[in-house]
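One file, start.pdb, carrying PDB, C-alpha atoms:
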ATOM      1  CA  MET A   1      18.881 -10.879   2.093
ATOM      2  CA  HIS A   2      16.632 -13.324   0.274
ATOM      3  CA  VAL A   3      13.216 -11.675   0.603
ATOM      4  CA  LEU A   4       9.841 -13.281  -0.048
ATOM      5  CA  VAL A   5       7.466 -10.600  -1.312
ATOM      6  CA  ALA A   6       3.889 -11.780  -0.793
ATOM      7  CA  GLY A   7       1.625  -9.926  -3.207
ATOM      8  CA  GLY A   8       4.643  -8.763  -5.180
ATOM      9  CA  ALA A   9       2.738  -8.365  -8.461
ATOM     10  CA  GLY A  10       0.496  -5.640  -7.033
ATOM     11  CA  PHE A  11       0.839  -1.870  -7.255
ATOM     12  CA  ILE A  12       3.009  -1.276  -4.190
ATOM     13  CA  GLY A  13       4.569  -4.744  -4.229
ATOM     14  CA  SER A  14       5.924  -4.439  -7.762
ATOM     15  CA  HIS A  15       7.552  -1.062  -7.071
ATOM     16  CA  THR A  16       9.082  -2.440  -3.884
ATOM     17  CA  VAL A  17      10.513  -5.446  -5.748
ATOM     18  CA  VAL A  18      12.302  -3.060  -8.109
ATOM     19  CA  GLN A  19      13.933  -1.198  -5.230
ATOM     20  CA  LEU A  20      14.837  -4.382  -3.375
ATOM     21  CA  LYS A  21      16.613  -5.716  -6.468
ATOM     22  CA  GLN A  22      18.366  -2.417  -7.099
ATOM     23  CA  ALA A  23      19.623  -2.487  -3.492
ATOM     24  CA  GLY A  24      21.170  -5.920  -4.058
ATOM     25  CA  HIS A  25      18.633  -8.190  -2.360
ATOM     26  CA  ASP A  26      17.423 -11.473  -3.825
ATOM     27  CA  VAL A  27      13.667 -11.530  -4.312
ATOM     28  CA  THR A  28      11.036 -14.224  -4.750
ATOM     29  CA  VAL A  29       7.428 -13.227  -5.471
ATOM     30  CA  VAL A  30       4.251 -15.119  -4.599
ATOM     31  CA  ASP A  31       0.895 -13.849  -5.881
ATOM     32  CA  ASP A  32      -2.434 -15.388  -6.867
ATOM     33  CA  PHE A  33      -3.215 -12.547  -9.341
ATOM     34  CA  ASP A  34      -6.651 -12.006  -7.857
ATOM     35  CA  ASN A  35      -6.079  -8.235  -8.096
ATOM     36  CA  SER A  36      -2.892  -8.121 -10.168
ATOM     37  CA  LYS A  37      -1.370  -9.547 -13.336
ATOM     38  CA  ALA A  38       1.691 -11.657 -14.075
ATOM     39  CA  SER A  39       2.674  -9.163 -16.762
ATOM     40  CA  ALA A  40       3.555  -6.723 -13.962
ATOM     41  CA  VAL A  41       6.330  -9.069 -12.813
ATOM     42  CA  ALA A  42       7.567  -9.414 -16.401
ATOM     43  CA  ARG A  43       7.818  -5.635 -16.579
ATOM     44  CA  VAL A  44       9.691  -5.524 -13.287
ATOM     45  CA  GLU A  45      12.168  -8.005 -14.769
ATOM     46  CA  GLN A  46      12.713  -5.582 -17.659
ATOM     47  CA  LEU A  47      13.397  -2.754 -15.212
ATOM     48  CA  VAL A  48      15.905  -4.698 -13.113
ATOM     49  CA  GLY A  49      17.462  -6.642 -15.968
ATOM     50  CA  GLY A  50      17.070 -10.087 -14.480
ATOM     51  CA  HIS A  51      14.786 -12.978 -13.631
ATOM     52  CA  ILE A  52      12.517 -12.870 -10.590
ATOM     53  CA  PRO A  53      11.242 -16.251  -9.337
ATOM     54  CA  LEU A  54       7.447 -16.161  -9.303
ATOM     55  CA  HIS A  55       5.071 -18.592  -7.573
ATOM     56  CA  ALA A  56       1.390 -18.367  -8.517
ATOM     57  CA  PHE A  57      -0.809 -19.589  -5.676
ATOM     58  CA  ASP A  58      -3.096 -18.369  -2.914
ATOM     59  CA  LEU A  59      -1.257 -17.832   0.367
ATOM     60  CA  CYS A  60      -4.422 -18.870   2.183
ATOM     61  CA  ASP A  61      -3.379 -22.411   1.220
ATOM     62  CA  PRO A  62      -1.165 -23.471   4.144
ATOM     63  CA  ASP A  63       0.200 -26.550   2.380
ATOM     64  CA  LYS A  64       1.447 -24.632  -0.648
ATOM     65  CA  THR A  65       2.873 -21.933   1.601
ATOM     66  CA  GLU A  66       4.698 -24.521   3.702
ATOM     67  CA  ALA A  67       6.052 -26.211   0.573
ATOM     68  CA  LEU A  68       7.510 -22.923  -0.670
ATOM     69  CA  PHE A  69       9.295 -22.289   2.625
ATOM     70  CA  ALA A  70      10.558 -25.872   2.670
ATOM     71  CA  ALA A  71      12.019 -25.449  -0.819
ATOM     72  CA  GLU A  72      13.586 -21.999  -0.314
ATOM     73  CA  ARG A  73      15.584 -20.313   2.423
ATOM     74  CA  PHE A  74      14.225 -16.843   3.156
ATOM     75  CA  ASP A  75      15.771 -14.211   5.410
ATOM     76  CA  ALA A  76      12.701 -11.967   5.514
ATOM     77  CA  VAL A  77       9.110 -11.600   4.335
ATOM     78  CA  ILE A  78       7.333  -8.476   3.103
ATOM     79  CA  HIS A  79       3.597  -9.114   3.321
ATOM     80  CA  PHE A  80       1.427  -7.155   0.856
ATOM     81  CA  ALA A  81      -1.031  -9.961   0.093
ATOM     82  CA  GLY A  82      -4.674  -9.156   0.734
ATOM     83  CA  HIS A  83      -7.864  -7.619  -0.608
ATOM     84  CA  LYS A  84      -7.889  -3.838  -0.202
ATOM     85  CA  ALA A  85     -11.118  -2.141  -1.399
ATOM     86  CA  VAL A  86     -13.003  -0.502   1.466
ATOM     87  CA  GLY A  87     -16.396  -0.495  -0.266
ATOM     88  CA  GLU A  88     -16.094  -4.098  -1.396
ATOM     89  CA  SER A  89     -15.156  -5.141   2.127
ATOM     90  CA  VAL A  90     -18.464  -3.739   3.398
ATOM     91  CA  GLU A  91     -20.323  -5.782   0.766
ATOM     92  CA  LYS A  92     -18.242  -8.959   1.241
ATOM     93  CA  PRO A  93     -16.975  -8.940   4.830
ATOM     94  CA  LEU A  94     -16.532 -12.697   5.167
ATOM     95  CA  GLN A  95     -14.415 -12.821   2.009
ATOM     96  CA  TYR A  96     -12.168 -10.067   3.367
ATOM     97  CA  TYR A  97     -11.742 -11.576   6.824
ATOM     98  CA  ARG A  98     -11.036 -14.996   5.379
ATOM     99  CA  ASN A  99      -8.524 -13.838   2.777
ATOM    100  CA  ASN A 100      -6.664 -11.170   4.731
ATOM    101  CA  LEU A 101      -6.364 -13.200   7.931
ATOM    102  CA  ASP A 102      -5.800 -16.684   6.509
ATOM    103  CA  SER A 103      -2.920 -15.493   4.339
ATOM    104  CA  THR A 104      -1.244 -14.099   7.449
ATOM    105  CA  PHE A 105      -1.818 -17.318   9.392
ATOM    106  CA  SER A 106      -0.199 -19.364   6.611
ATOM    107  CA  LEU A 107       2.814 -17.076   6.428
ATOM    108  CA  LEU A 108       3.321 -16.928  10.196
ATOM    109  CA  ARG A 109       3.130 -20.711  10.540
ATOM    110  CA  ALA A 110       5.633 -21.272   7.746
ATOM    111  CA  MET A 111       7.949 -18.578   9.107
ATOM    112  CA  ALA A 112       7.871 -20.183  12.553
ATOM    113  CA  THR A 113       8.530 -23.678  11.185
ATOM    114  CA  HIS A 114      11.495 -22.530   9.111
ATOM    115  CA  GLY A 115      13.014 -19.952  11.447
ATOM    116  CA  VAL A 116      12.303 -16.805   9.425
ATOM    117  CA  HIS A 117      12.213 -13.976  11.944
ATOM    118  CA  ARG A 118      11.954 -10.734   9.939
ATOM    119  CA  LEU A 119       8.569  -9.459   8.733
ATOM    120  CA  VAL A 120       7.556  -6.157   7.170
ATOM    121  CA  PHE A 121       3.751  -5.904   7.141
ATOM    122  CA  SER A 122       1.692  -3.735   4.822
ATOM    123  CA  SER A 123      -0.771  -2.043   7.157
ATOM    124  CA  SER A 124      -2.875   1.075   6.660
ATOM    125  CA  ALA A 125      -3.790   4.424   8.152
ATOM    126  CA  THR A 126      -7.334   3.060   8.396
ATOM    127  CA  VAL A 127      -6.297   1.497  11.730
ATOM    128  CA  TYR A 128      -6.533   4.949  13.325
ATOM    129  CA  GLY A 129     -10.310   4.993  12.860
ATOM    130  CA  ASP A 130     -12.390   8.156  12.818
ATOM    131  CA  GLU A 131     -11.380   9.608  16.181
ATOM    132  CA  SER A 132      -7.597   9.959  15.856
ATOM    133  CA  PRO A 133      -6.284  13.510  16.350
ATOM    134  CA  GLN A 134      -4.537  14.883  13.267
ATOM    135  CA  PRO A 135      -1.817  14.318  12.291
ATOM    136  CA  SER A 136      -2.100  10.621  13.146
ATOM    137  CA  GLN A 137       0.639   9.239  15.398
ATOM    138  CA  GLU A 138       1.682   5.633  15.855
ATOM    139  CA  ASP A 139       0.950   5.468  19.586
ATOM    140  CA  HIS A 140      -2.716   6.427  19.180
ATOM    141  CA  ARG A 141      -5.104   4.013  20.907
ATOM    142  CA  PRO A 142      -7.444   2.326  20.490
ATOM    143  CA  LEU A 143      -6.863   1.127  16.965
ATOM    144  CA  GLN A 144     -10.192   0.704  15.208
ATOM    145  CA  SER A 145     -11.903   1.004  11.854
ATOM    146  CA  SER A 146     -15.223   1.793  10.237
ATOM    147  CA  ASN A 147     -15.065  -1.035   7.681
ATOM    148  CA  PRO A 148     -14.050  -4.729   7.434
ATOM    149  CA  TYR A 149     -10.931  -3.981   5.356
ATOM    150  CA  GLY A 150      -9.603  -1.702   8.078
ATOM    151  CA  TRP A 151     -10.496  -4.211  10.784
ATOM    152  CA  THR A 152      -8.439  -6.869   8.980
ATOM    153  CA  LYS A 153      -5.451  -4.543   9.298
ATOM    154  CA  VAL A 154      -6.143  -3.935  12.999
ATOM    155  CA  MET A 155      -6.527  -7.673  13.588
ATOM    156  CA  ASN A 156      -3.444  -8.543  11.595
ATOM    157  CA  GLU A 157      -1.373  -6.038  13.568
ATOM    158  CA  GLN A 158      -2.603  -7.612  16.811
ATOM    159  CA  ILE A 159      -2.008 -11.194  15.628
ATOM    160  CA  ILE A 160       1.439 -10.478  14.218
ATOM    161  CA  GLY A 161       2.444  -8.542  17.331
ATOM    162  CA  ASP A 162       1.336 -11.324  19.661
ATOM    163  CA  VAL A 163       3.252 -13.917  17.644
ATOM    164  CA  ALA A 164       6.372 -11.751  17.528
ATOM    165  CA  ARG A 165       6.355 -11.111  21.265
ATOM    166  CA  ALA A 166       6.065 -14.862  21.881
ATOM    167  CA  THR A 167       8.887 -15.695  19.436
ATOM    168  CA  PRO A 168      12.428 -14.942  20.616
ATOM    169  CA  GLY A 169      14.378 -13.023  17.997
ATOM    170  CA  MET A 170      11.415 -12.107  15.791
ATOM    171  CA  ARG A 171      11.356  -8.540  14.429
ATOM    172  CA  VAL A 172       8.318  -6.919  12.830
ATOM    173  CA  ALA A 173       7.858  -3.523  11.177
ATOM    174  CA  LEU A 174       4.209  -2.479  10.754
ATOM    175  CA  LEU A 175       4.001   0.121   7.978
ATOM    176  CA  ARG A 176       0.867   2.253   8.018
ATOM    177  CA  TYR A 177       0.247   3.822   4.614
ATOM    178  CA  PHE A 178      -1.768   6.890   3.909
ATOM    179  CA  ASN A 179      -2.697   7.492   0.220
ATOM    180  CA  PRO A 180      -0.311   5.852  -2.276
ATOM    181  CA  VAL A 181      -0.292   7.347  -5.779
ATOM    182  CA  GLY A 182       2.069   7.750  -8.731
ATOM    183  CA  ALA A 183       3.955   5.222 -10.830
ATOM    184  CA  HIS A 184       7.484   4.236 -11.785
ATOM    185  CA  PRO A 185       9.087   7.221 -13.582
ATOM    186  CA  SER A 186       9.699   5.047 -16.645
ATOM    187  CA  GLY A 187       5.966   4.521 -17.146
ATOM    188  CA  THR A 188       6.588   0.760 -17.134
ATOM    189  CA  ILE A 189       4.581  -0.128 -14.008
ATOM    190  CA  GLY A 190       1.809   1.700 -12.198
ATOM    191  CA  GLU A 191      -1.604   1.361 -10.593
ATOM    192  CA  ASP A 192      -4.140  -0.705 -12.530
ATOM    193  CA  PRO A 193      -7.343  -1.020 -10.476
ATOM    194  CA  GLN A 194     -10.036  -3.399 -11.630
ATOM    195  CA  GLY A 195     -13.430  -1.880 -12.335
ATOM    196  CA  ILE A 196     -14.278   1.641 -11.204
ATOM    197  CA  PRO A 197     -11.343   3.090  -9.224
ATOM    198  CA  ASN A 198     -11.917   3.572  -5.519
ATOM    199  CA  ASN A 199      -9.166   6.172  -5.164
ATOM    200  CA  LEU A 200      -8.710   9.687  -6.507
ATOM    201  CA  MET A 201      -5.546   9.527  -8.625
ATOM    202  CA  PRO A 202      -6.396   6.502 -10.812
ATOM    203  CA  PHE A 203      -9.818   8.036 -11.410
ATOM    204  CA  ILE A 204      -8.211  11.341 -12.462
ATOM    205  CA  SER A 205      -5.822   9.551 -14.800
ATOM    206  CA  GLN A 206      -8.600   7.482 -16.384
ATOM    207  CA  VAL A 207     -10.572  10.664 -17.033
ATOM    208  CA  ALA A 208      -7.415  12.163 -18.540
ATOM    209  CA  VAL A 209      -7.084   9.349 -21.114
ATOM    210  CA  GLY A 210     -10.809   9.331 -21.902
ATOM    211  CA  ARG A 211     -11.789   6.085 -20.207
ATOM    212  CA  ARG A 212     -14.209   8.009 -17.995
ATOM    213  CA  GLU A 213     -16.176  11.141 -18.779
ATOM    214  CA  ARG A 214     -15.611  13.137 -15.618
ATOM    215  CA  LEU A 215     -14.602  12.986 -11.975
ATOM    216  CA  THR A 216     -17.078  13.409  -9.139
ATOM    217  CA  VAL A 217     -15.781  15.371  -6.156
ATOM    218  CA  PHE A 218     -17.662  14.175  -3.097
ATOM    219  CA  GLY A 219     -18.536  17.366  -1.243
ATOM    220  CA  ASP A 220     -17.090  20.880  -1.254
ATOM    221  CA  ASP A 221     -18.436  22.085   2.080
ATOM    222  CA  TYR A 222     -15.935  20.543   4.499
ATOM    223  CA  ASP A 223     -14.033  22.659   7.028
ATOM    224  CA  THR A 224     -10.889  22.715   4.879
ATOM    225  CA  ALA A 225      -9.060  25.354   2.836
ATOM    226  CA  ASP A 226     -11.201  24.862  -0.292
ATOM    227  CA  GLY A 227     -14.065  22.801   1.119
ATOM    228  CA  THR A 228     -12.889  19.450  -0.272
ATOM    229  CA  CYS A 229     -11.372  16.575   1.690
ATOM    230  CA  GLU A 230      -7.647  16.667   2.403
ATOM    231  CA  ARG A 231      -5.459  13.560   2.338
ATOM    232  CA  ASP A 232      -1.782  12.684   2.698
ATOM    233  CA  TYR A 233      -0.793  11.503  -0.795
ATOM    234  CA  ILE A 234       2.520   9.642  -1.003
ATOM    235  CA  HIS A 235       4.368   8.659  -4.172
ATOM    236  CA  VAL A 236       4.586   4.877  -4.564
ATOM    237  CA  GLU A 237       8.355   5.211  -5.119
ATOM    238  CA  ASP A 238       8.711   6.873  -1.702
ATOM    239  CA  LEU A 239       6.496   4.171  -0.239
ATOM    240  CA  ALA A 240       8.629   1.410  -1.759
ATOM    241  CA  ALA A 241      11.720   3.107  -0.327
ATOM    242  CA  GLY A 242      10.023   2.980   3.080
ATOM    243  CA  HIS A 243       9.777  -0.807   2.851
ATOM    244  CA  LEU A 244      13.443  -1.058   1.922
ATOM    245  CA  ALA A 245      14.382   1.205   4.843
ATOM    246  CA  ALA A 246      12.252  -0.839   7.258
ATOM    247  CA  LEU A 247      13.855  -4.073   6.098
ATOM    248  CA  GLU A 248      17.371  -2.714   6.407
ATOM    249  CA  HIS A 249      16.765  -1.206   9.873
ATOM    250  CA  ILE A 250      14.594  -3.998  11.274
ATOM    251  CA  ASP A 251      17.323  -5.653  13.345
ATOM    252  CA  ALA A 252      18.145  -2.333  15.045
ATOM    253  CA  MET A 253      14.586  -1.411  16.046
ATOM    254  CA  ALA A 254      14.084  -0.359  19.656
ATOM    255  CA  GLU A 255      11.295  -2.921  20.081
ATOM    256  CA  PRO A 256      10.558  -6.320  18.512
ATOM    257  CA  VAL A 257       7.362  -4.887  17.006
ATOM    258  CA  ARG A 258       7.342  -1.287  15.792
ATOM    259  CA  ALA A 259       4.746   0.705  13.820
ATOM    260  CA  PHE A 260       5.739   3.428  11.371
ATOM    261  CA  ASN A 261       3.640   5.963   9.479
ATOM    262  CA  LEU A 262       4.590   6.326   5.823
ATOM    263  CA  GLY A 263       3.278   9.654   4.585
ATOM    264  CA  THR A 264       4.439  13.150   3.718
ATOM    265  CA  GLY A 265       2.981  14.858   6.764
ATOM    266  CA  VAL A 266       1.242  17.372   4.459
ATOM    267  CA  PRO A 267      -2.461  17.113   3.537
ATOM    268  CA  THR A 268      -3.551  17.963  -0.025
ATOM    269  CA  SER A 269      -7.147  18.653  -1.024
ATOM    270  CA  VAL A 270      -9.015  17.000  -3.868
ATOM    271  CA  LEU A 271      -9.203  20.261  -5.834
ATOM    272  CA  ALA A 272      -5.514  20.944  -5.222
ATOM    273  CA  MET A 273      -4.687  17.509  -6.646
ATOM    274  CA  ILE A 274      -6.822  18.175  -9.734
ATOM    275  CA  ASN A 275      -5.046  21.502 -10.244
ATOM    276  CA  ALA A 276      -1.627  19.895  -9.729
ATOM    277  CA  PHE A 277      -2.441  17.272 -12.347
ATOM    278  CA  ARG A 278      -3.368  19.996 -14.843
ATOM    279  CA  THR A 279      -0.177  21.919 -14.056
ATOM    280  CA  ALA A 280       2.065  18.850 -14.351
ATOM    281  CA  THR A 281       0.495  17.434 -17.522
ATOM    282  CA  GLY A 282      -1.381  20.212 -19.296
ATOM    283  CA  VAL A 283      -4.491  18.018 -19.307
ATOM    284  CA  GLU A 284      -7.812  19.414 -18.095
ATOM    285  CA  ILE A 285      -9.858  17.155 -15.815
ATOM    286  CA  PRO A 286     -13.631  17.676 -16.115
ATOM    287  CA  TYR A 287     -15.290  17.306 -12.723
ATOM    288  CA  GLU A 288     -18.557  17.891 -10.952
ATOM    289  CA  ILE A 289     -19.353  18.437  -7.302
ATOM    290  CA  GLY A 290     -21.470  15.678  -5.792
ATOM    291  CA  PRO A 291     -22.854  15.074  -2.320
ATOM    292  CA  ARG A 292     -20.605  14.018   0.522
ATOM    293  CA  ARG A 293     -19.686  10.332   0.618
ATOM    294  CA  ALA A 294     -20.610   8.480   3.809
ATOM    295  CA  GLY A 295     -17.618   7.886   6.065
ATOM    296  CA  ASP A 296     -15.266  10.461   4.527
ATOM    297  CA  LEU A 297     -13.331  12.514   7.075
ATOM    298  CA  PRO A 298     -12.456  16.149   6.324
ATOM    299  CA  VAL A 299      -8.707  15.710   6.929
ATOM    300  CA  THR A 300      -6.367  12.786   7.520
ATOM    301  CA  TYR A 301      -2.585  12.917   7.359
ATOM    302  CA  ALA A 302       0.510  11.384   8.904
ATOM    303  CA  ASP A 303       3.063  12.382  11.448
ATOM    304  CA  PRO A 304       6.105  10.681   9.807
ATOM    305  CA  THR A 305       8.624  11.742  12.488
ATOM    306  CA  ARG A 306       9.300   8.211  13.765
ATOM    307  CA  ALA A 307      10.200   6.902  10.305
ATOM    308  CA  LEU A 308      12.558   9.845   9.818
ATOM    309  CA  HIS A 309      14.363   9.333  13.118
ATOM    310  CA  GLU A 310      14.433   5.529  13.270
ATOM    311  CA  LEU A 311      14.494   4.440   9.618
ATOM    312  CA  ASP A 312      16.284   7.471   8.152
ATOM    313  CA  TRP A 313      13.400   7.673   5.676
ATOM    314  CA  ARG A 314      11.675  10.700   4.230
ATOM    315  CA  THR A 315       9.604  11.431   1.148
ATOM    316  CA  THR A 316      11.372  13.028  -1.809
ATOM    317  CA  LYS A 317       8.631  13.274  -4.440
ATOM    318  CA  SER A 318       6.335  16.268  -4.900
ATOM    319  CA  ILE A 319       2.642  16.310  -5.751
ATOM    320  CA  GLU A 320       3.654  17.339  -9.284
ATOM    321  CA  ASP A 321       5.937  14.269  -9.489
ATOM    322  CA  MET A 322       3.019  12.069  -8.452
ATOM    323  CA  CYS A 323       0.808  13.549 -11.170
ATOM    324  CA  ALA A 324       3.444  13.501 -13.918
ATOM    325  CA  ASP A 325       4.459   9.895 -13.236
ATOM    326  CA  THR A 326       0.835   8.761 -13.066
ATOM    327  CA  TRP A 327       0.134  10.454 -16.397
ATOM    328  CA  ARG A 328       3.243   8.915 -17.978
ATOM    329  CA  TRP A 329       2.075   5.448 -16.913
ATOM    330  CA  GLN A 330      -1.585   5.909 -17.846
ATOM    331  CA  SER A 331      -0.959   7.531 -21.225
ATOM    332  CA  ALA A 332       1.498   4.755 -22.164
ATOM    333  CA  ASN A 333      -0.906   2.087 -20.853
ATOM    334  CA  PRO A 334      -4.408   3.503 -21.340
ATOM    335  CA  GLN A 335      -6.056   0.155 -20.553
ATOM    336  CA  GLY A 336      -3.609  -0.864 -17.813
ATOM    337  CA  PHE A 337      -1.570  -4.058 -17.893
ATOM    338  CA  PRO A 338      -2.231  -6.421 -20.807
ATOM    339  CA  GLY A 339      -3.492  -9.943 -20.263
TER     340      GLY A 339
END
Please go through the file and, once you have read it, give me the structure as structure tokens.
Amino acid sequence: MHVLVAGGAGFIGSHTVVQLKQAGHDVTVVDDFDNSKASAVARVEQLVGGHIPLHAFDLCDPDKTEALFAAERFDAVIHFAGHKAVGESVEKPLQYYRNNLDSTFSLLRAMATHGVHRLVFSSSATVYGDESPQPSQEDHRPLQSSNPYGWTKVMNEQIIGDVARATPGMRVALLRYFNPVGAHPSGTIGEDPQGIPNNLMPFISQVAVGRRERLTVFGDDYDTADGTCERDYIHVEDLAAGHLAALEHIDAMAEPVRAFNLGTGVPTSVLAMINAFRTATGVEIPYEIGPRRAGDLPVTYADPTRALHELDWRTTKSIEDMCADTWRWQSANPQGFPG
């Protein structure tokens, strides 16, 4: 297929582009580099040994989006584009709603005009809200969130589903991620958050290379095995493989719109991740215990059974793999991507 990867210069997008190319698909990337860098695409080209067409513009611009679809013939779209920081979304809700919804509107209009009927959407486990029984299952209702970022995912799922059900022949896979971590095993591409990391693994790795003095663990008095929060960490390579599996099974889905959890199904605590990083790399991570962070749940993790049965997808990477690959990337690129 010829696949348009929206947000293909980002952390998950870039790893997915590599796997799409390795599987024989043609790929075009569009990204505005608001939270990514063009050098990531150049590094992907090194990994795959070929040129990847890249269009630099904001997908919220419907005219530019329409012009791209008019100039190219796409068989499918994978939609990663959007702002993704929970805390920032609370501070800048209008920016998040505008960006994350308008980009979807532009894509859906262009897809409809040009007869592109396959869409894989980057959703999130945040759509399960705070009340979902654990492990989270795709049929849980109602979908909800405690922050604007999560609500944009809930709203996008609703919008995309409504459009798909009104469009004969349209097929949509909604992929709900849990906690993506890791990097390409080569150390060529990885996660490069701007500013202070919002997630555990990039913070650990920045402490490991000396960019930050120590890690703060937010609470050690939760009802978990060691008192720290437990999350379902998934290697970005497994996550990218989930997008490839969704794309290649999308025409055979039981329903026009289908949600899939992408996670390991096994929760790992913050302290267990710190210990795994030390075991995998030999690097000690200084940390201190701080107060609980508002909104953190004790445990969240996926039930990935549907993806196993319907997409023939499963995770293959261990926690140690996640730590070792993250360290390989961060130590080779202590300041992240250049430029």
What is the distance between CA of Leu311 in chain A and CA of Glu248 in chain A, in Å to one decimal?
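These two atoms are separated by 8.4 Å.
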Name all residues at most 9 Å from Trp151 in chain A (count only C-alpha atoms; drop same-chain ones fewer than 5 positions away) and give them as a list in words.
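Counting only the stated atoms, we get Tyr97, Thr126, Val127, Leu143, Gln144, Ser145, Ser146 and Asn156 of chain A.
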So that I can see what lies close to Leu239 in chain A, please list as a ChimeraX atom specification the residues with an atom at most 10 Å from it, counting all atoms listed in the file and leaving out residues fewer than 3 positions away in the same chain.
/A:12-13,15-16,175,177-181,234-236,242-245,262-263,313-315
Identify, on the basis of only C-alpha atoms, every residue whose closest approach to Thr279 in chain A does not exceed 8 Å; exclude the query and any residue fewer than 4 positions from it along the same chain; express the result as a PyMOL selection string.
chain A and resi 275+283+320
So which residues get picked by the PyMOL selection byres ((chain A and resi 48) around 12) here, written as a PyMOL selection string?
chain A and resi 14-27+41-47+49-52+188
What is the distance, in Å and to one decimal place, between CA of Thr113 in chain A and CA of Ile250 in chain A?
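For CA of Thr113 in chain A relative to CA of Ile250 in chain A, the distance reads 20.6 Å.
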Between CA of Ala125 in chain A and CA of Leu174 in chain A, what is the distance, to one decimal in Å?
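Separating CA of Ala125 in chain A from CA of Leu174 in chain A is a distance of 10.9 Å.
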Any idea what's packed within 9 Å of Pro185 in chain A, counting all atoms listed in the file, ignoring anything in its chain fewer than 6 positions away? Could you give it as an NGL selection string?
:A and (237 or 321 or 324-326 or 328-329)
With all atoms listed in the file as the atoms that count, which of A:Ala276, A:Leu101, A:Ala332, A:Ala259 lies nearest to Ala307 in chain A?
A:Ala259
Could you list, as JSON, numbers by chain, every residue matched by the PyMOL selection byres ((chain A and resi 191-207) around 7) in this structure?
{"A": [11, 181, 183, 190, 208, 209, 210, 211, 212, 213, 214, 215, 285, 326, 327, 330, 336, 337]}
Run through the PyMOL selection byres ((chain A and resi 136) around 7) on the given coordinates and return the selected residues as a ChimeraX atom specification.
/A:132-135,137-138,301-303
Give me the box for range 95-110 of chain A as lines of an AutoDock Vina configuration file, namely the centre and edge lengths in Å to one decimal of a box along x, y and z that holds every listed atom plus 3 Å on each side.
center_x = -4.4
center_y = -15.7
center_z = 6.3
size_x = 26.0
size_y = 17.2
size_z = 14.5
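Residues lying within 8 Å of Val116 in chain A, counting all atoms listed in the file and ignoring same-chain neighbours fewer than 3 positions away, are Phe74, Asp75, Ala76, Val77, Met111, Ala112 and Met170 of chain A.
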Keeping only C-alpha atoms, write the selected residues as a JSON list (two decimals), in the coordinates of the input.
[["chain", "number", "residue", "atom", "x", "y", "z"],
["A", 74, "PHE", "CA", 14.22, -16.84, 3.16],
["A", 75, "ASP", "CA", 15.77, -14.21, 5.41],
["A", 76, "ALA", "CA", 12.70, -11.97, 5.51],
["A", 77, "VAL", "CA", 9.11, -11.60, 4.34],
["A", 111, "MET", "CA", 7.95, -18.58, 9.11],
["A", 112, "ALA", "CA", 7.87, -20.18, 12.55],
["A", 170, "MET", "CA", 11.42, -12.11, 15.79]]
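Among the candidates A:Ser269, A:Ser123, A:Ser106, A:Thr228, the residue lying nearest to Leu68 in chain A is A:Ser106 (atoms considered: all atoms listed in the file).
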Would you be able to write out as a PDB file with C-alpha atoms, in the frame of the given file which residues have an atom within 8 Å of (16.0, -11.1, 15.2) in the file's coordinates, counting all atoms listed in the file?
ATOM      1  CA  HIS A 117      12.213 -13.976  11.944  1.00  0.00           C
ATOM      2  CA  ARG A 118      11.954 -10.734   9.939  1.00  0.00           C
ATOM      3  CA  PRO A 168      12.428 -14.942  20.616  1.00  0.00           C
ATOM      4  CA  GLY A 169      14.378 -13.023  17.997  1.00  0.00           C
ATOM      5  CA  MET A 170      11.415 -12.107  15.791  1.00  0.00           C
ATOM      6  CA  ARG A 171      11.356  -8.540  14.429  1.00  0.00           C
ATOM      7  CA  ASP A 251      17.323  -5.653  13.345  1.00  0.00           C
ATOM      8  CA  PRO A 256      10.558  -6.320  18.512  1.00  0.00           C
TER       9      PRO A 256
END
List as an mmCIF file with C-alpha atoms, keeping the file's coordinate frame: which residues have an atom within 10 Å of (-16.2, 21.4, 1.4), counting all atoms listed in the file?
data_model
loop_
_atom_site.group_PDB
_atom_site.id
_atom_site.type_symbol
_atom_site.label_atom_id
_atom_site.label_comp_id
_atom_site.auth_asym_id
_atom_site.auth_seq_id
_atom_site.Cartn_x
_atom_site.Cartn_y
_atom_site.Cartn_z
ATOM 1 C CA VAL A 217 -15.781 15.371 -6.156
ATOM 2 C CA PHE A 218 -17.662 14.175 -3.097
ATOM 3 C CA GLY A 219 -18.536 17.366 -1.243
ATOM 4 C CA ASP A 220 -17.090 20.880 -1.254
ATOM 5 C CA ASP A 221 -18.436 22.085 2.080
ATOM 6 C CA TYR A 222 -15.935 20.543 4.499
ATOM 7 C CA ASP A 223 -14.033 22.659 7.028
ATOM 8 C CA THR A 224 -10.889 22.715 4.879
ATOM 9 C CA ALA A 225 -9.060 25.354 2.836
ATOM 10 C CA ASP A 226 -11.201 24.862 -0.292
ATOM 11 C CA GLY A 227 -14.065 22.801 1.119
ATOM 12 C CA THR A 228 -12.889 19.450 -0.272
ATOM 13 C CA CYS A 229 -11.372 16.575 1.690
ATOM 14 C CA GLU A 230 -7.647 16.667 2.403
ATOM 15 C CA SER A 269 -7.147 18.653 -1.024
ATOM 16 C CA VAL A 270 -9.015 17.000 -3.868
ATOM 17 C CA ILE A 289 -19.353 18.437 -7.302
ATOM 18 C CA PRO A 291 -22.854 15.074 -2.320
ATOM 19 C CA ARG A 292 -20.605 14.018 0.522
ATOM 20 C CA PRO A 298 -12.456 16.149 6.324
#
